[in-house]
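*Asks:* Got a structure for you, written out below as structure tokens; questions coming shortly.
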Amino acid sequence: MQLGRLGAWYAPDKLNGPAQIAALVKTVESLGYDTLWYPEARGYESFSVAGFMLSQTSKLKLGSSIASIYARDAFTARRGMISLNDLYGGRFILGLGVSHVPMVEGLRGHTYEKPVPAMRRYLEGIVKGDAKAAEFPVCIAALRPLMLKLAAQMAHGALPYNTIPRHTAEAAKILGPGKWLAVEQKVTIETDPLRARALGREELSRYMVLDNYRNAWLGMGFTEADLANGGSDAFIDQMVLWGSADQVKAKLKAHFDAGATHVAIQPVHPVGDTAARDAILKALADT
């Protein structure tokens with residue numbers, strides 16, 4: 001499977017039922033995006049919603065970003081990936097992640113294990129006994145060096161989330177040539193700094209309390225002061241790119257210059273404003 005240059009990232013859980021989900025994927029496909037990435041959190045089950053979205057499109061790839069390794073065993077994930085690709089023309093990418101302690105222990109009732117060994121065992125289960133395993137379109141959520149090394153060793157590549165071009169450059173070096181480096185980046189077409197940063201802080205608030213992200217941000221050079229009180233202006237400005245469409249495109253280019261093979265644009269907009277979402281995607285579709 002080939003992965004194109006530009007994708008979109010959006011959570012079906014933000015939408016009100018199948019009609020809105022269908023409208024989203026048809027819009028993303030019509031705008032020429034290569035892949036739509038979507039998370040698995042508290043709402044739609046990852047493989048079920050992927051099947052629905054694939055049924056509403058004909059060319060668009062769908063990528064789980066991410067399907068939790070605690071949500072299903074490795075054999076089931078493998079069969080789900082193979083089934084979706086057999087049924088929908090080879091358009092599904094299995095993105096896997098270790099999720100977060102509150103989601104794994106608090107929501108699912110499992111024990112959260114050390115991330116890298118847990119992911120390694122899961123990937124071993126994905127490929128076990130299958131002669132076509134090298135062809136599986138599997139990538140993993142990776143921010144820290146050890147997980148990025150695992151992505152290089154056992155997957156098609158990595159799916160960094162909530163990151164910056166400096167990290168993209170470091171990830172590209174660790175992954176090496178021939179691997180997917182599909183970077184998510186939040187954006188909003190808003191030229192007023194106060195409104196843009198307010199949107200950014202609201203969107204990032206759910207991540208600011210998660211240790212995995214906080215530790216990764218500190219490793220990228222941000223400080224505890226940057227992460228306090230909703231995030232400093234400098235932190236927000238890097239995590240949620242804002243400005244005119246041309247300004248945002250120039251900022252997105254920094255990820256490609258740093259070695260990203262694919263950038264997934266996540267539109268940030270007022271809650272429920274799907275028109276604003278679609279306007280952002282349209283404005284940036286030729287990035």
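We label chains A, B, ... in the order they appear in the structure tokens, count residues from 1 in each chain, and number ligands from 1 in the order shown.
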Report as a Markdown table: every residue of range 171-223 of chain A with an atom at most 10 Å from range 5-8 of chain A, its closest pair of atoms, and their distance in Å to one decimal, counting only C-alpha atoms, with rows sorted by chain and ascending residue number.
*Replies:*
```
| residue | atom | partner | partner_atom | distance |
| --- | --- | --- | --- | --- |
| A:Ala182 | CA | A:Gly7 | CA | 8.7 |
| A:Val183 | CA | A:Gly7 | CA | 9.3 |
| A:Glu184 | CA | A:Ala8 | CA | 8.3 |
| A:Gln185 | CA | A:Ala8 | CA | 9.2 |
| A:Lys186 | CA | A:Ala8 | CA | 9.9 |
```
*Asks:* Just want the 10 Å neighbourhood of Asn215 in chain A, counted on only C-alpha atoms, with same-chain residues fewer than 4 positions away dropped. Output as a PyMOL selection string.
*Replies:* chain A and resi 143-144+210-211+219-220+222+224
*Asks:* Write out, as an mmCIF file, in the first residue's frame, the residues just selected, with N, CA and C atoms.
*Replies:*
```
data_model
loop_
_atom_site.group_PDB
_atom_site.id
_atom_site.type_symbol
_atom_site.label_atom_id
_atom_site.label_comp_id
_atom_site.auth_asym_id
_atom_site.auth_seq_id
_atom_site.Cartn_x
_atom_site.Cartn_y
_atom_site.Cartn_z
ATOM 1 N N LEU A 143 6.102 8.443 20.024
ATOM 2 C CA LEU A 143 6.666 9.752 20.300
ATOM 3 C C LEU A 143 8.099 9.662 20.832
ATOM 4 N N ARG A 144 8.325 8.744 21.759
ATOM 5 C CA ARG A 144 9.628 8.624 22.395
ATOM 6 C C ARG A 144 10.543 7.717 21.574
ATOM 7 N N LEU A 210 -2.614 14.137 30.568
ATOM 8 C CA LEU A 210 -2.133 12.789 30.310
ATOM 9 C C LEU A 210 -0.603 12.746 30.366
ATOM 10 N N ASP A 211 -0.081 11.869 31.219
ATOM 11 C CA ASP A 211 1.363 11.816 31.444
ATOM 12 C C ASP A 211 2.145 11.513 30.174
ATOM 13 N N GLY A 219 10.209 16.330 26.722
ATOM 14 C CA GLY A 219 11.321 15.818 25.934
ATOM 15 C C GLY A 219 11.574 16.598 24.657
ATOM 16 N N MET A 220 10.560 17.331 24.176
ATOM 17 C CA MET A 220 10.715 18.165 22.978
ATOM 18 C C MET A 220 11.285 19.538 23.297
ATOM 19 N N PHE A 222 9.864 21.727 25.740
ATOM 20 C CA PHE A 222 8.953 22.580 26.489
ATOM 21 C C PHE A 222 9.219 22.424 27.980
ATOM 22 N N GLU A 224 7.776 22.935 32.238
ATOM 23 C CA GLU A 224 6.572 22.823 33.050
ATOM 24 C C GLU A 224 5.764 24.116 32.996
#
```
*Asks:* Between CA of Met119 in chain A and CA of Val98 in chain A, what is the distance in Å, rounded to a tenth?
*Replies:*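 Pair CA of Met119 in chain A / CA of Val98 in chain A returns 6.8 Å.
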*Asks:* If you run DSSP over the backbone, which residues in range 116-241 of chain A end up strand (DSSP E or B)? Put them as a list of chain:residue names.
*Replies:*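 Those residues are A:Val138, A:Cys139, A:Ile140, A:Gly157, A:Ala158, A:Trp180, A:Leu181, A:Ala182, A:Val183, A:Glu184, A:Gln185, A:Lys186, A:Val187, A:Thr188, A:Ile189, A:Glu190, A:Val240, A:Leu241.
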*Asks:* Keeping all heavy atoms for every residue in the selection just given, could you write it to a file as a compact mmCIF listing (two decimals), in the first residue's frame?
*Replies:*
```
# COMPACT_ATOMS: atom_id res chain seq x y z
N VAL A 138 0.52 -1.79 8.80
CA VAL A 138 0.46 -1.55 10.25
C VAL A 138 1.47 -0.48 10.62
O VAL A 138 2.63 -0.52 10.20
CB VAL A 138 0.77 -2.84 11.04
CG1 VAL A 138 0.79 -2.56 12.54
CG2 VAL A 138 -0.24 -3.93 10.71
N CYS A 139 1.03 0.50 11.40
CA CYS A 139 1.94 1.49 11.95
C CYS A 139 1.53 1.74 13.40
O CYS A 139 0.45 1.34 13.83
CB CYS A 139 1.95 2.77 11.13
SG CYS A 139 0.33 3.33 10.58
N ILE A 140 2.40 2.39 14.16
CA ILE A 140 2.14 2.54 15.58
C ILE A 140 2.31 3.99 16.03
O ILE A 140 3.12 4.74 15.49
CB ILE A 140 3.02 1.62 16.44
CG1 ILE A 140 4.51 1.95 16.30
CG2 ILE A 140 2.76 0.16 16.07
CD1 ILE A 140 5.40 1.13 17.24
N GLY A 157 5.72 2.06 9.89
CA GLY A 157 6.14 3.38 10.29
C GLY A 157 5.47 3.85 11.55
O GLY A 157 4.96 3.04 12.34
N ALA A 158 5.46 5.16 11.75
CA ALA A 158 5.00 5.75 13.00
C ALA A 158 3.95 6.82 12.77
O ALA A 158 3.90 7.46 11.71
CB ALA A 158 6.19 6.35 13.76
N TRP A 180 6.99 4.95 6.81
CA TRP A 180 6.00 6.02 6.90
C TRP A 180 6.23 6.83 8.15
O TRP A 180 6.41 6.29 9.25
CB TRP A 180 4.59 5.43 6.98
CG TRP A 180 4.12 4.70 5.77
CD1 TRP A 180 4.68 4.70 4.52
CD2 TRP A 180 2.97 3.85 5.69
NE1 TRP A 180 3.95 3.91 3.67
CE2 TRP A 180 2.90 3.37 4.35
CE3 TRP A 180 2.00 3.46 6.61
CZ2 TRP A 180 1.88 2.51 3.93
CZ3 TRP A 180 0.99 2.59 6.19
CH2 TRP A 180 0.94 2.14 4.86
N LEU A 181 6.23 8.14 7.99
CA LEU A 181 6.22 9.05 9.13
C LEU A 181 5.02 9.97 8.93
O LEU A 181 5.09 10.99 8.25
CB LEU A 181 7.52 9.84 9.22
CG LEU A 181 7.63 10.87 10.35
CD1 LEU A 181 7.28 10.26 11.70
CD2 LEU A 181 9.02 11.50 10.39
N ALA A 182 3.89 9.54 9.50
CA ALA A 182 2.61 10.22 9.29
C ALA A 182 2.30 11.07 10.52
O ALA A 182 1.89 10.54 11.56
CB ALA A 182 1.50 9.18 9.06
N VAL A 183 2.51 12.35 10.39
CA VAL A 183 2.45 13.28 11.52
C VAL A 183 1.09 13.97 11.56
O VAL A 183 0.64 14.54 10.56
CB VAL A 183 3.56 14.35 11.39
CG1 VAL A 183 3.48 15.34 12.54
CG2 VAL A 183 4.92 13.68 11.35
N GLU A 184 0.44 13.93 12.71
CA GLU A 184 -0.80 14.70 12.92
C GLU A 184 -0.45 16.12 13.31
O GLU A 184 0.47 16.35 14.11
CB GLU A 184 -1.63 14.05 14.03
CG GLU A 184 -2.90 14.81 14.41
CD GLU A 184 -2.69 15.84 15.53
OE1 GLU A 184 -1.62 15.81 16.19
OE2 GLU A 184 -3.60 16.65 15.75
N GLN A 185 -1.20 17.10 12.77
CA GLN A 185 -1.00 18.49 13.15
C GLN A 185 -2.34 19.22 13.23
O GLN A 185 -3.12 19.22 12.26
CB GLN A 185 -0.10 19.21 12.13
CG GLN A 185 0.11 20.68 12.43
CD GLN A 185 0.86 20.93 13.73
OE1 GLN A 185 2.02 20.55 13.85
NE2 GLN A 185 0.22 21.56 14.70
N LYS A 186 -2.60 19.83 14.38
CA LYS A 186 -3.83 20.60 14.56
C LYS A 186 -3.68 21.98 13.93
O LYS A 186 -2.62 22.61 14.05
CB LYS A 186 -4.16 20.72 16.05
CG LYS A 186 -4.45 19.40 16.71
CD LYS A 186 -4.61 19.55 18.22
CE LYS A 186 -4.83 18.19 18.85
NZ LYS A 186 -3.68 17.26 18.67
N VAL A 187 -4.75 22.45 13.29
CA VAL A 187 -4.71 23.74 12.59
C VAL A 187 -6.05 24.44 12.74
O VAL A 187 -7.10 23.80 12.94
CB VAL A 187 -4.41 23.55 11.09
CG1 VAL A 187 -3.09 22.85 10.85
CG2 VAL A 187 -5.54 22.78 10.40
N THR A 188 -6.00 25.76 12.64
CA THR A 188 -7.24 26.52 12.51
C THR A 188 -6.97 27.74 11.64
O THR A 188 -5.89 28.34 11.72
CB THR A 188 -7.79 26.94 13.89
OG1 THR A 188 -9.09 27.50 13.74
CG2 THR A 188 -6.88 27.94 14.60
N ILE A 189 -7.91 28.06 10.77
CA ILE A 189 -7.78 29.26 9.93
C ILE A 189 -8.40 30.42 10.71
O ILE A 189 -9.60 30.69 10.61
CB ILE A 189 -8.46 29.08 8.56
CG1 ILE A 189 -7.95 27.82 7.86
CG2 ILE A 189 -8.24 30.32 7.69
CD1 ILE A 189 -6.46 27.82 7.59
N GLU A 190 -7.58 31.04 11.51
CA GLU A 190 -8.01 32.13 12.39
C GLU A 190 -6.85 33.09 12.55
O GLU A 190 -5.75 32.68 12.96
CB GLU A 190 -8.45 31.57 13.74
CG GLU A 190 -8.80 32.61 14.79
CD GLU A 190 -9.90 33.54 14.35
OE1 GLU A 190 -11.05 33.09 14.27
OE2 GLU A 190 -9.58 34.73 14.06
N VAL A 240 -1.11 24.10 17.84
CA VAL A 240 -2.26 24.38 16.98
C VAL A 240 -1.88 25.54 16.06
O VAL A 240 -1.87 26.70 16.48
CB VAL A 240 -3.53 24.72 17.79
CG1 VAL A 240 -4.71 24.98 16.86
CG2 VAL A 240 -3.86 23.61 18.78
N LEU A 241 -1.54 25.22 14.83
CA LEU A 241 -1.10 26.25 13.90
C LEU A 241 -2.28 27.13 13.50
O LEU A 241 -3.37 26.63 13.23
CB LEU A 241 -0.50 25.60 12.65
CG LEU A 241 0.62 24.58 12.89
CD1 LEU A 241 1.14 24.04 11.55
CD2 LEU A 241 1.75 25.17 13.72
```
*Asks:* Near Ala276 in chain A, within 12 Å and counting only C-alpha atoms, which residues show up once chain neighbours fewer than 4 positions away are dropped, as a ChimeraX atom specification?
*Replies:* /A:187-190,267-272,280-283
*Asks:* Compile a residue-level contact table for range 111-137 of chain A against range 57-79 of chain A at a cut-off of 8 Å, reporting for every qualifying residue the shortest atom pair and its distance in Å to one decimal, with only C-alpha atoms counted, rows ordered by chain and ascending number, as JSON lines.
*Replies:*
```
{"residue": "A:Met119", "atom": "CA", "partner": "A:Ile69", "partner_atom": "CA", "distance": 7.5}
{"residue": "A:Tyr122", "atom": "CA", "partner": "A:Ala74", "partner_atom": "CA", "distance": 5.7}
{"residue": "A:Leu123", "atom": "CA", "partner": "A:Ala74", "partner_atom": "CA", "distance": 7.3}
{"residue": "A:Gly125", "atom": "CA", "partner": "A:Ala74", "partner_atom": "CA", "distance": 5.2}
{"residue": "A:Ile126", "atom": "CA", "partner": "A:Ala74", "partner_atom": "CA", "distance": 5.2}
{"residue": "A:Val127", "atom": "CA", "partner": "A:Arg78", "partner_atom": "CA", "distance": 7.9}
```
*Asks:* Please report the interatomic distance between CA of Val49 in chain A and CA of Lys132 in chain A in Å with one decimal.
*Replies:*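 CA of Lys132 in chain A lies 25.4 Å from CA of Val49 in chain A.
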*Asks:* What gap, in Å, lies between CA of Tyr10 in chain A and CA of Gln266 in chain A?
*Replies:*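 Calculated distance between CA of Tyr10 in chain A and CA of Gln266 in chain A is 6.0 Å.
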*Asks:* Just list the residues in range 38-266 of chain A DSSP gives helix (DSSP H, G or I) on the backbone, as a PyMOL selection string.
*Replies:* chain A and resi 46-55+74-87+101-107+115-127+133-135+145-154+165-175+193-204+211-219+224-227+233-239+245-258
*Asks:* Near Ile21 in chain A, counting only C-alpha atoms, which residues have an atom at most 12 Å away, once you skip same-chain residues fewer than 6 positions from it, shown as a ChimeraX atom specification?
*Replies:* /A:10-15,27-28,36,38,44,49-57,274
*Asks:* Using only C-alpha atoms, please write the residues we just selected to a file, as a PDB file, in the first residue's frame.
*Replies:*
```
ATOM      1  CA  TYR A  10     -10.955  13.809  12.782  1.00  0.00           C
ATOM      2  CA  ALA A  11     -12.872  12.050  15.547  1.00  0.00           C
ATOM      3  CA  PRO A  12     -16.231  10.487  14.609  1.00  0.00           C
ATOM      4  CA  ASP A  13     -17.149  10.777  18.301  1.00  0.00           C
ATOM      5  CA  LYS A  14     -17.536  14.528  17.709  1.00  0.00           C
ATOM      6  CA  LEU A  15     -20.331  13.909  15.230  1.00  0.00           C
ATOM      7  CA  THR A  27     -16.101  15.754   1.990  1.00  0.00           C
ATOM      8  CA  VAL A  28     -12.583  14.565   2.796  1.00  0.00           C
ATOM      9  CA  LEU A  36      -8.693  10.038   6.915  1.00  0.00           C
ATOM     10  CA  TYR A  38      -9.597   8.696  13.313  1.00  0.00           C
ATOM     11  CA  TYR A  44     -17.384   4.344  18.259  1.00  0.00           C
ATOM     12  CA  VAL A  49     -16.801   2.703  12.327  1.00  0.00           C
ATOM     13  CA  ALA A  50     -13.992   2.069   9.822  1.00  0.00           C
ATOM     14  CA  GLY A  51     -16.249  -0.326   7.928  1.00  0.00           C
ATOM     15  CA  PHE A  52     -19.023   2.245   7.811  1.00  0.00           C
ATOM     16  CA  MET A  53     -16.706   5.020   6.609  1.00  0.00           C
ATOM     17  CA  LEU A  54     -15.167   2.774   3.970  1.00  0.00           C
ATOM     18  CA  SER A  55     -18.658   1.878   2.744  1.00  0.00           C
ATOM     19  CA  GLN A  56     -19.367   5.571   2.143  1.00  0.00           C
ATOM     20  CA  THR A  57     -16.277   6.152  -0.012  1.00  0.00           C
ATOM     21  CA  THR A 274     -18.913  21.442  10.793  1.00  0.00           C
TER      22      THR A 274
END
```
*Asks:* Which residue gives the smallest distance to Asp237 in chain A among A:Ala196, A:Met208, A:Ala275, A:Met103, with only C-alpha atoms counted?
*Replies:*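 Nearest candidate to Asp237 in chain A out of A:Ala196, A:Met208, A:Ala275, A:Met103: A:Ala196.
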*Asks:* Range 110-115 of chain A: which residues within 7 Å, counting only C-alpha atoms, same-chain residues fewer than 5 positions away excluded, as JSON, numbers by chain?
*Replies:* {"A": [98, 101, 104, 105]}
*Asks:* Select, from A:Leu284, A:Leu252, A:Ile236, A:Ile174, the residue with the minimum atom-to-atom distance to Arg195 in chain A, counting only C-alpha atoms.
*Replies:*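 With only C-alpha atoms as the atom set, the closest residue is A:Ile236.
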